[in-house]
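K.L.:
Below are the structure tokens for one structure; questions will follow.
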Amino acid sequence: AHLDRIGAVDEKVHAFLHVDTEGALRAARAVDDRRARGEELGPLAGVPLALKDIFTTEGVPTTVGSKILEGWIPSYDATLTRRLKDAGVVILGKTNMDEFAMGSSTENSAYGPTGNPWDLTRIPGGSGGGSSAALASFQAPLAIGTDTGGSIRQPASVTGTVGVKPTYGGVSRYGMVAFSSSLDQGGPCARTVLDAALLHEAIAGHDPLDSTSIDAPVPPVVEAARNGDVRGMRIGVVKEFAGEGYQAGVMTRFNEAVELLRELGADVVEVSCPSFSYALAAYYLIAPSECSSNLARFDAMRYGMRVGDDGTHSAEEVTALTRAAGFGAEVKRRVMLGTYALSSGYYDAYYGSAQKVRTLITRDFERVFGGVDVLVSPTTPTTAFPIGERADDPMAMYLADLCTIPTNLAGNAAMSLPCGLAPEDGLPVGLQIIAPAMADDRLYRVGAAVE
Ligand code: GLN
């Protein structure tokens, strides 16, 4: 049924870069066989899922939204892919994304933009816009995203779906193409909080193949999603996430959600995190720095595209020609920014300072989490903007992640879930819930209460 739905609507939405019809049917039949053999199956066995095209899939193309990896077929599964398969999840295909996960609109995909199912002329968020659009257009009930600065939560927010960035190290990064390794985190996307929790549980947990993977039990997310009791919980409203630049209707729906939490018995207080105003600036030094280093591996020798290999060019020229042809404008901008920020002479002024700001942000979180259990804010300052509106203005585009980036810098956990439609444009608004590291279950408890 989901493959039929994809056939019927994806020409318009363009959520998928690759639909693996045969693989999906094979996986679905395998679940039937397991069931027939009397095997005990988990809650996600046979459930279809849309996988962001940043995770390697054995025998199935993985492009990361880039021309440089066009035609590359990985020989192995990411740990996350493997865990999905082991859980009996049916992977329908790979979803569209901003090239190398750099963007907030999916317009940076080398394969064309994705439409927001609420209004196809608007962006579905990014970088994981294919996954969020697949959910919102009922092409898949579950999806996977990755969140380096907001790429799970912001797409969830603007498409009226649920997205969770787990605690850094909570879900393995092995086989997830690296953008900014100290920030990147894969996580679950769904249409309900409980669905997201079930998916979270299936993909989370220690992986010896990822050196930053946390070796501790997965927080009890499913139990929390089934519970939803917020009586006596202390909830902090981040003062800095309001004011200029925040759409009126976004604040209306956000304030209603806060009021609802109060009515349900939570203790709501205002908190201040002064360093958060520097988060965006720090992020746009740290993320490009790490990206410039990570993307050095695309040298035309190892994977994908190769340009100029005609016997007249040196190896270095082939690398340069391939990178010039294979990377898009935003990726080049980031590689240049990062290379500059890491250059000797500039390192202390840029990268070094950004790392210090990162520490201040982490301390702000530690201080406020001494007094509250979770924080709440709008996920993103505005509803979905029109495709093209911010495409030529990187600074305006970067603002979409104003409220999501501090969490990536500190490494803790956060969720976005729908909290109504903005009165002025009828588009979905997202509520962000932020929890301390390894307290991911609190997101689900609060999420289930407001859902
Ligand atoms: N929009 C942010 C960026 O462009 C975040 C992307 C992400 O989380 N992958 O870097």
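In the structure tokens, chains take letters A, B, ... by order of appearance, with residues numbered from 1 within each chain and ligands from 1 in the order shown.
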What's the 8 Å shell around range 29-39 of chain A, counting only C-alpha atoms, without same-chain residues fewer than 6 positions away, as an MDAnalysis selection string?
P.N.:
chainID A and resid 45:46 88
K.L.:
Please produce an output containing C-alpha atoms for each residue in the selection, written as a PDB file, in the first residue's frame.
P.N.:
```pdb
ATOM      1  CA  ALA A  45       8.290  -5.996  12.170  1.00  0.00           C
ATOM      2  CA  GLY A  46       6.768  -5.345   8.753  1.00  0.00           C
ATOM      3  CA  GLY A  88      11.993  -6.450  10.556  1.00  0.00           C
TER       4      GLY A  88
END
```
K.L.:
List all protein, DNA and RNA residues that have at least one atom no more than 10 Å from any atom of ligand 1, counting only C-alpha atoms and all ligand atoms, and write them as a PDB file with N, CA and C atoms, in the first residue's frame.
P.N.:
```pdb
ATOM      1  N   MET A  97      17.601  15.035   0.535  1.00  0.00           N
ATOM      2  CA  MET A  97      18.226  15.820   1.611  1.00  0.00           C
ATOM      3  C   MET A  97      19.103  16.904   1.019  1.00  0.00           C
ATOM      4  N   ASP A  98      19.377  17.941   1.805  1.00  0.00           N
ATOM      5  CA  ASP A  98      20.387  18.914   1.405  1.00  0.00           C
ATOM      6  C   ASP A  98      21.714  18.177   1.281  1.00  0.00           C
ATOM      7  N   GLU A  99      22.479  18.573   0.267  1.00  0.00           N
ATOM      8  CA  GLU A  99      23.757  17.910   0.012  1.00  0.00           C
ATOM      9  C   GLU A  99      24.615  17.832   1.286  1.00  0.00           C
ATOM     10  N   PHE A 100      25.021  16.630   1.635  1.00  0.00           N
ATOM     11  CA  PHE A 100      25.824  16.379   2.841  1.00  0.00           C
ATOM     12  C   PHE A 100      25.178  16.939   4.104  1.00  0.00           C
ATOM     13  N   ALA A 101      23.857  17.069   4.080  1.00  0.00           N
ATOM     14  CA  ALA A 101      23.079  17.535   5.248  1.00  0.00           C
ATOM     15  C   ALA A 101      23.333  18.993   5.587  1.00  0.00           C
ATOM     16  N   MET A 102      23.779  19.752   4.585  1.00  0.00           N
ATOM     17  CA  MET A 102      24.061  21.175   4.839  1.00  0.00           C
ATOM     18  C   MET A 102      22.934  22.020   4.281  1.00  0.00           C
ATOM     19  N   GLY A 103      22.032  22.426   5.175  1.00  0.00           N
ATOM     20  CA  GLY A 103      20.925  23.259   4.749  1.00  0.00           C
ATOM     21  C   GLY A 103      19.724  23.102   5.656  1.00  0.00           C
ATOM     22  N   SER A 104      18.717  23.917   5.408  1.00  0.00           N
ATOM     23  CA  SER A 104      17.503  23.912   6.231  1.00  0.00           C
ATOM     24  C   SER A 104      16.250  23.863   5.372  1.00  0.00           C
ATOM     25  N   SER A 105      16.403  23.466   4.101  1.00  0.00           N
ATOM     26  CA  SER A 105      15.250  23.547   3.196  1.00  0.00           C
ATOM     27  C   SER A 105      15.184  22.412   2.170  1.00  0.00           C
ATOM     28  N   THR A 106      16.237  21.599   2.073  1.00  0.00           N
ATOM     29  CA  THR A 106      16.362  20.547   1.057  1.00  0.00           C
ATOM     30  C   THR A 106      16.556  21.129  -0.349  1.00  0.00           C
ATOM     31  N   ASN A 108      19.260  22.482  -1.225  1.00  0.00           N
ATOM     32  CA  ASN A 108      20.665  22.237  -1.580  1.00  0.00           C
ATOM     33  C   ASN A 108      20.911  20.824  -2.087  1.00  0.00           C
ATOM     34  N   GLY A 125      11.510  21.776   5.165  1.00  0.00           N
ATOM     35  CA  GLY A 125      12.594  21.789   6.147  1.00  0.00           C
ATOM     36  C   GLY A 125      13.808  21.089   5.582  1.00  0.00           C
ATOM     37  N   GLY A 126      14.893  21.156   6.332  1.00  0.00           N
ATOM     38  CA  GLY A 126      16.110  20.493   5.885  1.00  0.00           C
ATOM     39  C   GLY A 126      17.080  20.383   7.035  1.00  0.00           C
ATOM     40  N   SER A 127      18.056  19.579   6.892  1.00  0.00           N
ATOM     41  CA  SER A 127      18.380  18.870   5.672  1.00  0.00           C
ATOM     42  C   SER A 127      17.510  17.648   5.406  1.00  0.00           C
ATOM     43  N   GLY A 128      16.766  17.172   6.381  1.00  0.00           N
ATOM     44  CA  GLY A 128      16.013  15.932   6.175  1.00  0.00           C
ATOM     45  C   GLY A 128      14.613  16.152   5.634  1.00  0.00           C
ATOM     46  N   GLY A 145      16.091  10.429  10.286  1.00  0.00           N
ATOM     47  CA  GLY A 145      16.789  11.656   9.944  1.00  0.00           C
ATOM     48  C   GLY A 145      18.115  11.731  10.654  1.00  0.00           C
ATOM     49  N   THR A 146      18.870  12.803  10.371  1.00  0.00           N
ATOM     50  CA  THR A 146      20.085  13.081  11.144  1.00  0.00           C
ATOM     51  C   THR A 146      20.061  14.556  11.498  1.00  0.00           C
ATOM     52  N   ASP A 147      20.606  14.863  12.651  1.00  0.00           N
ATOM     53  CA  ASP A 147      20.481  16.208  13.198  1.00  0.00           C
ATOM     54  C   ASP A 147      21.851  16.683  13.669  1.00  0.00           C
ATOM     55  N   THR A 148      22.425  17.613  12.881  1.00  0.00           N
ATOM     56  CA  THR A 148      23.729  18.189  13.210  1.00  0.00           C
ATOM     57  C   THR A 148      23.525  19.558  13.856  1.00  0.00           C
ATOM     58  N   GLY A 149      22.457  20.238  13.364  1.00  0.00           N
ATOM     59  CA  GLY A 149      22.123  21.553  13.918  1.00  0.00           C
ATOM     60  C   GLY A 149      20.620  21.763  13.973  1.00  0.00           C
ATOM     61  N   GLY A 150      19.867  20.720  13.609  1.00  0.00           N
ATOM     62  CA  GLY A 150      18.408  20.857  13.616  1.00  0.00           C
ATOM     63  C   GLY A 150      17.704  20.062  12.534  1.00  0.00           C
ATOM     64  N   SER A 151      18.456  19.296  11.765  1.00  0.00           N
ATOM     65  CA  SER A 151      17.909  18.662  10.560  1.00  0.00           C
ATOM     66  C   SER A 151      16.884  17.560  10.769  1.00  0.00           C
ATOM     67  N   ILE A 152      16.658  17.143  12.018  1.00  0.00           N
ATOM     68  CA  ILE A 152      15.517  16.272  12.295  1.00  0.00           C
ATOM     69  C   ILE A 152      14.360  17.141  12.797  1.00  0.00           C
ATOM     70  N   ARG A 153      14.664  18.057  13.710  1.00  0.00           N
ATOM     71  CA  ARG A 153      13.612  18.815  14.402  1.00  0.00           C
ATOM     72  C   ARG A 153      12.964  19.892  13.547  1.00  0.00           C
ATOM     73  N   GLN A 154      13.763  20.622  12.777  1.00  0.00           N
ATOM     74  CA  GLN A 154      13.172  21.706  11.973  1.00  0.00           C
ATOM     75  C   GLN A 154      12.276  21.147  10.866  1.00  0.00           C
ATOM     76  N   PRO A 155      12.678  20.092  10.139  1.00  0.00           N
ATOM     77  CA  PRO A 155      11.749  19.489   9.165  1.00  0.00           C
ATOM     78  C   PRO A 155      10.486  18.947   9.841  1.00  0.00           C
ATOM     79  N   LYS A 165      16.091  14.285  18.163  1.00  0.00           N
ATOM     80  CA  LYS A 165      17.548  14.175  18.166  1.00  0.00           C
ATOM     81  C   LYS A 165      17.932  13.535  19.491  1.00  0.00           C
ATOM     82  N   ALA A 178      29.663  11.325   7.293  1.00  0.00           N
ATOM     83  CA  ALA A 178      29.985  12.368   8.267  1.00  0.00           C
ATOM     84  C   ALA A 178      29.912  13.766   7.672  1.00  0.00           C
ATOM     85  N   PHE A 179      29.271  14.657   8.397  1.00  0.00           N
ATOM     86  CA  PHE A 179      29.273  16.092   8.079  1.00  0.00           C
ATOM     87  C   PHE A 179      30.127  16.772   9.159  1.00  0.00           C
ATOM     88  N   SER A 180      29.640  16.786  10.381  1.00  0.00           N
ATOM     89  CA  SER A 180      30.387  17.383  11.489  1.00  0.00           C
ATOM     90  C   SER A 180      30.318  16.387  12.645  1.00  0.00           C
ATOM     91  N   LEU A 183      28.892  16.736  16.167  1.00  0.00           N
ATOM     92  CA  LEU A 183      27.515  17.237  16.269  1.00  0.00           C
ATOM     93  C   LEU A 183      26.491  16.261  15.679  1.00  0.00           C
ATOM     94  N   ASP A 184      26.892  15.492  14.660  1.00  0.00           N
ATOM     95  CA  ASP A 184      25.980  14.615  13.915  1.00  0.00           C
ATOM     96  C   ASP A 184      25.300  13.593  14.826  1.00  0.00           C
ATOM     97  N   GLN A 185      24.001  13.441  14.671  1.00  0.00           N
ATOM     98  CA  GLN A 185      23.288  12.418  15.434  1.00  0.00           C
ATOM     99  C   GLN A 185      22.059  11.949  14.673  1.00  0.00           C
ATOM    100  N   GLY A 186      21.987  10.657  14.397  1.00  0.00           N
ATOM    101  CA  GLY A 186      20.810  10.089  13.742  1.00  0.00           C
ATOM    102  C   GLY A 186      19.682   9.924  14.746  1.00  0.00           C
ATOM    103  N   LEU A 280      24.645  30.168  17.208  1.00  0.00           N
ATOM    104  CA  LEU A 280      24.654  30.116  15.744  1.00  0.00           C
ATOM    105  C   LEU A 280      26.057  30.451  15.210  1.00  0.00           C
ATOM    106  N   TYR A 283      28.410  27.585  15.963  1.00  0.00           N
ATOM    107  CA  TYR A 283      28.087  26.444  15.098  1.00  0.00           C
ATOM    108  C   TYR A 283      28.651  26.643  13.694  1.00  0.00           C
ATOM    109  N   TYR A 284      28.490  27.851  13.160  1.00  0.00           N
ATOM    110  CA  TYR A 284      28.931  28.068  11.778  1.00  0.00           C
ATOM    111  C   TYR A 284      30.449  28.237  11.652  1.00  0.00           C
ATOM    112  N   ALA A 287      30.946  23.554  12.689  1.00  0.00           N
ATOM    113  CA  ALA A 287      30.419  22.616  11.683  1.00  0.00           C
ATOM    114  C   ALA A 287      31.207  22.700  10.368  1.00  0.00           C
ATOM    115  N   PRO A 288      31.450  23.895   9.809  1.00  0.00           N
ATOM    116  CA  PRO A 288      32.256  23.939   8.581  1.00  0.00           C
ATOM    117  C   PRO A 288      33.688  23.443   8.797  1.00  0.00           C
ATOM    118  N   CYS A 291      33.509  19.781   8.730  1.00  0.00           N
ATOM    119  CA  CYS A 291      33.105  19.340   7.381  1.00  0.00           C
ATOM    120  C   CYS A 291      34.282  19.429   6.425  1.00  0.00           C
ATOM    121  N   GLU A 330      26.793  25.338  -1.624  1.00  0.00           N
ATOM    122  CA  GLU A 330      26.802  25.426  -0.152  1.00  0.00           C
ATOM    123  C   GLU A 330      27.947  24.580   0.431  1.00  0.00           C
ATOM    124  N   VAL A 331      28.158  23.403  -0.145  1.00  0.00           N
ATOM    125  CA  VAL A 331      29.239  22.535   0.344  1.00  0.00           C
ATOM    126  C   VAL A 331      30.583  23.232   0.141  1.00  0.00           C
ATOM    127  N   ARG A 334      31.102  25.926   2.703  1.00  0.00           N
ATOM    128  CA  ARG A 334      31.463  25.418   4.033  1.00  0.00           C
ATOM    129  C   ARG A 334      32.907  24.916   4.071  1.00  0.00           C
ATOM    130  N   PRO A 394      22.282  32.916   2.536  1.00  0.00           N
ATOM    131  CA  PRO A 394      22.663  31.900   3.528  1.00  0.00           C
ATOM    132  C   PRO A 394      22.396  32.346   4.967  1.00  0.00           C
ATOM    133  N   MET A 397      18.842  31.732   5.827  1.00  0.00           N
ATOM    134  CA  MET A 397      18.634  30.284   5.920  1.00  0.00           C
ATOM    135  C   MET A 397      19.150  29.762   7.263  1.00  0.00           C
ATOM    136  N   TYR A 398      20.298  30.246   7.705  1.00  0.00           N
ATOM    137  CA  TYR A 398      20.909  29.752   8.941  1.00  0.00           C
ATOM    138  C   TYR A 398      20.015  30.028  10.164  1.00  0.00           C
ATOM    139  N   LEU A 399      19.183  31.094  10.074  1.00  0.00           N
ATOM    140  CA  LEU A 399      18.331  31.455  11.218  1.00  0.00           C
ATOM    141  C   LEU A 399      17.273  30.397  11.532  1.00  0.00           C
ATOM    142  N   ALA A 400      16.964  29.529  10.579  1.00  0.00           N
ATOM    143  CA  ALA A 400      15.961  28.479  10.803  1.00  0.00           C
ATOM    144  C   ALA A 400      16.366  27.575  11.967  1.00  0.00           C
ATOM    145  N   ASP A 401      17.655  27.538  12.283  1.00  0.00           N
ATOM    146  CA  ASP A 401      18.151  26.627  13.326  1.00  0.00           C
ATOM    147  C   ASP A 401      18.539  27.329  14.619  1.00  0.00           C
ATOM    148  N   LEU A 402      18.043  28.543  14.780  1.00  0.00           N
ATOM    149  CA  LEU A 402      18.349  29.353  15.959  1.00  0.00           C
ATOM    150  C   LEU A 402      18.078  28.606  17.273  1.00  0.00           C
ATOM    151  N   THR A 404      17.495  25.276  17.667  1.00  0.00           N
ATOM    152  CA  THR A 404      17.866  23.859  17.716  1.00  0.00           C
ATOM    153  C   THR A 404      19.364  23.650  17.953  1.00  0.00           C
ATOM    154  N   ILE A 405      20.188  24.601  17.524  1.00  0.00           N
ATOM    155  CA  ILE A 405      21.643  24.419  17.534  1.00  0.00           C
ATOM    156  C   ILE A 405      22.273  24.270  18.930  1.00  0.00           C
ATOM    157  N   ASN A 408      22.743  20.647  19.922  1.00  0.00           N
ATOM    158  CA  ASN A 408      23.801  19.896  19.238  1.00  0.00           C
ATOM    159  C   ASN A 408      25.163  20.234  19.824  1.00  0.00           C
TER     160      ASN A 408
END
```
K.L.:
Point out the residue among A:Pro48, A:Pro61, A:Pro217, A:Pro117 with the least atom-to-atom distance to Pro141 in chain A, counting only C-alpha atoms.
P.N.:
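For Pro141 in chain A, the nearest of the given residues is A:Pro48.
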K.L.:
What is the distance between CA of Thr159 in chain A and CA of Val230 in chain A, in Å to one decimal?
P.N.:
25.7 Å
K.L.:
When you look at Leu360 in chain A with a cut-off of 9 Å (counting only C-alpha atoms), what residues show up, excluding the ones that are within fewer than 4 positions of it in the same chain? I need them as number ranges by chain.
P.N.:
A: 275-276, 355-356, 364-365
K.L.:
Output N, CA and C atoms for every residue in the selection just made, as a short mmCIF file (atom, residue, chain, number, x, y, z; two decimals), in the first residue's frame.
P.N.:
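The result, stored in result_15.cif:
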```
data_model
loop_
_atom_site.label_atom_id
_atom_site.label_comp_id
_atom_site.auth_asym_id
_atom_site.auth_seq_id
_atom_site.Cartn_x
_atom_site.Cartn_y
_atom_site.Cartn_z
N SER A 275 24.22 32.53 26.93
CA SER A 275 25.20 32.15 25.88
C SER A 275 24.53 31.65 24.60
N PHE A 276 23.25 31.30 24.69
CA PHE A 276 22.59 30.75 23.50
C PHE A 276 22.61 31.73 22.32
N GLN A 355 34.98 26.98 20.17
CA GLN A 355 34.97 25.87 21.13
C GLN A 355 34.76 26.38 22.55
N LYS A 356 35.27 27.57 22.85
CA LYS A 356 35.05 28.15 24.18
C LYS A 356 33.58 28.51 24.37
N ASP A 364 25.56 26.68 30.47
CA ASP A 364 24.21 27.25 30.62
C ASP A 364 23.19 26.12 30.81
N PHE A 365 23.32 25.09 29.99
CA PHE A 365 22.41 23.93 30.11
C PHE A 365 22.54 23.30 31.49
#
```
K.L.:
Enumerate as a VMD selection string all residues of range 212-281 of chain A assigned to helix (DSSP H, G or I) by DSSP on the backbone, naming them with the chain letters and numbers the document uses.
P.N.:
chain A and resid 221 to 227 248 to 263 274 to 281
K.L.:
Measuring between only C-alpha atoms, which one of A:Val450, A:Asp309, A:Asp348, A:Gly129 shows the shortest distance to Glu259 in chain A?
P.N.:
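For Glu259 in chain A, the nearest of the given residues is A:Val450.
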K.L.:
By how many Å are CA of Gln139 in chain A and CA of Ile203 in chain A apart?
P.N.:
20.9 Å
K.L.:
As a PyMOL selection string, list the residues of range 28-114 of chain A assigned to strand (DSSP E or B) by DSSP on the backbone atoms of this structure.
P.N.:
chain A and resi 48-52+55+57+60+90-95
K.L.:
Can I get the selected residues back with C-alpha atoms, as a PDB file, in the first residue's frame?
P.N.:
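New file out.pdb:
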```pdb
ATOM      1  CA  PRO A  48       7.620   0.492   6.304  1.00  0.00           C
ATOM      2  CA  LEU A  49      10.196   3.228   6.750  1.00  0.00           C
ATOM      3  CA  ALA A  50      11.796   6.002   4.671  1.00  0.00           C
ATOM      4  CA  LEU A  51      15.558   6.216   5.226  1.00  0.00           C
ATOM      5  CA  LYS A  52      17.529   9.436   4.823  1.00  0.00           C
ATOM      6  CA  PHE A  55      23.000   6.049   5.804  1.00  0.00           C
ATOM      7  CA  THR A  57      22.639   0.555   2.561  1.00  0.00           C
ATOM      8  CA  VAL A  60      21.333   0.192  -2.606  1.00  0.00           C
ATOM      9  CA  VAL A  90      10.723  -2.621   5.675  1.00  0.00           C
ATOM     10  CA  ILE A  91      12.973   0.027   4.139  1.00  0.00           C
ATOM     11  CA  LEU A  92      11.008   1.590   1.272  1.00  0.00           C
ATOM     12  CA  GLY A  93      13.843   3.691  -0.100  1.00  0.00           C
ATOM     13  CA  LYS A  94      16.212   6.598   0.437  1.00  0.00           C
ATOM     14  CA  THR A  95      14.981  10.124   1.016  1.00  0.00           C
TER      15      THR A  95
END
```
K.L.:
Kindly indicate which residue among A:Pro43, A:Gly59, A:Gly163, A:Pro378 lies nearest to Ile73 in chain A, using only C-alpha atoms for the distances.
P.N.:
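Checking each candidate against Ile73 in chain A, we get A:Gly59 as the closest.
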K.L.:
Can you list, as a list in words, every protein, DNA or RNA residue that comes within 10 Å of Ala296 in chain A when you count only C-alpha atoms, leaving out same-chain residues fewer than 3 positions away?
P.N.:
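Once the nearby chain positions are removed, what remains is Cys291, Ser292, Ser293, Asp299, Arg323 and Val335 of chain A.
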K.L.:
Atoms to include: N, CA and C atoms. Write the selected residues as a PDB file, in the first residue's frame.
P.N.:
```pdb
ATOM      1  N   CYS A 291      33.509  19.781   8.730  1.00  0.00           N
ATOM      2  CA  CYS A 291      33.105  19.340   7.381  1.00  0.00           C
ATOM      3  C   CYS A 291      34.282  19.429   6.425  1.00  0.00           C
ATOM      4  N   SER A 292      35.097  20.479   6.553  1.00  0.00           N
ATOM      5  CA  SER A 292      36.218  20.620   5.612  1.00  0.00           C
ATOM      6  C   SER A 292      37.176  19.445   5.780  1.00  0.00           C
ATOM      7  N   SER A 293      37.292  18.965   7.001  1.00  0.00           N
ATOM      8  CA  SER A 293      38.153  17.822   7.250  1.00  0.00           C
ATOM      9  C   SER A 293      37.496  16.518   6.789  1.00  0.00           C
ATOM     10  N   ASP A 299      37.990  12.424  -2.817  1.00  0.00           N
ATOM     11  CA  ASP A 299      39.180  12.826  -3.563  1.00  0.00           C
ATOM     12  C   ASP A 299      39.193  12.252  -4.975  1.00  0.00           C
ATOM     13  N   ARG A 323      36.095  17.522  -7.499  1.00  0.00           N
ATOM     14  CA  ARG A 323      35.470  18.269  -6.407  1.00  0.00           C
ATOM     15  C   ARG A 323      34.769  19.521  -6.930  1.00  0.00           C
ATOM     16  N   VAL A 335      33.326  24.235   3.009  1.00  0.00           N
ATOM     17  CA  VAL A 335      34.707  23.732   2.987  1.00  0.00           C
ATOM     18  C   VAL A 335      35.679  24.915   3.043  1.00  0.00           C
TER      19      VAL A 335
END
```
K.L.:
Within 10 Å of Tyr340 in chain A, counting only C-alpha atoms, which residues show up once you throw out same-chain ones fewer than 3 positions away? Write them as number ranges by chain, please.
P.N.:
A: 285, 288-289, 292, 334-337, 343-347, 350-351
K.L.:
Calculated over only C-alpha atoms, which of the candidates A:Ala315, A:Ile123, A:Val250, A:Ala329 has the smallest distance to Pro423 in chain A?
P.N.:
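Closest residue, counting only C-alpha atoms: A:Val250.
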K.L.:
As an exercise, work out the distance from CA of Gly447 in chain A to CA of Asp267 in chain A in Å and give it to one decimal place.
P.N.:
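About the pair CA of Gly447 in chain A and CA of Asp267 in chain A: they are 15.6 Å apart.
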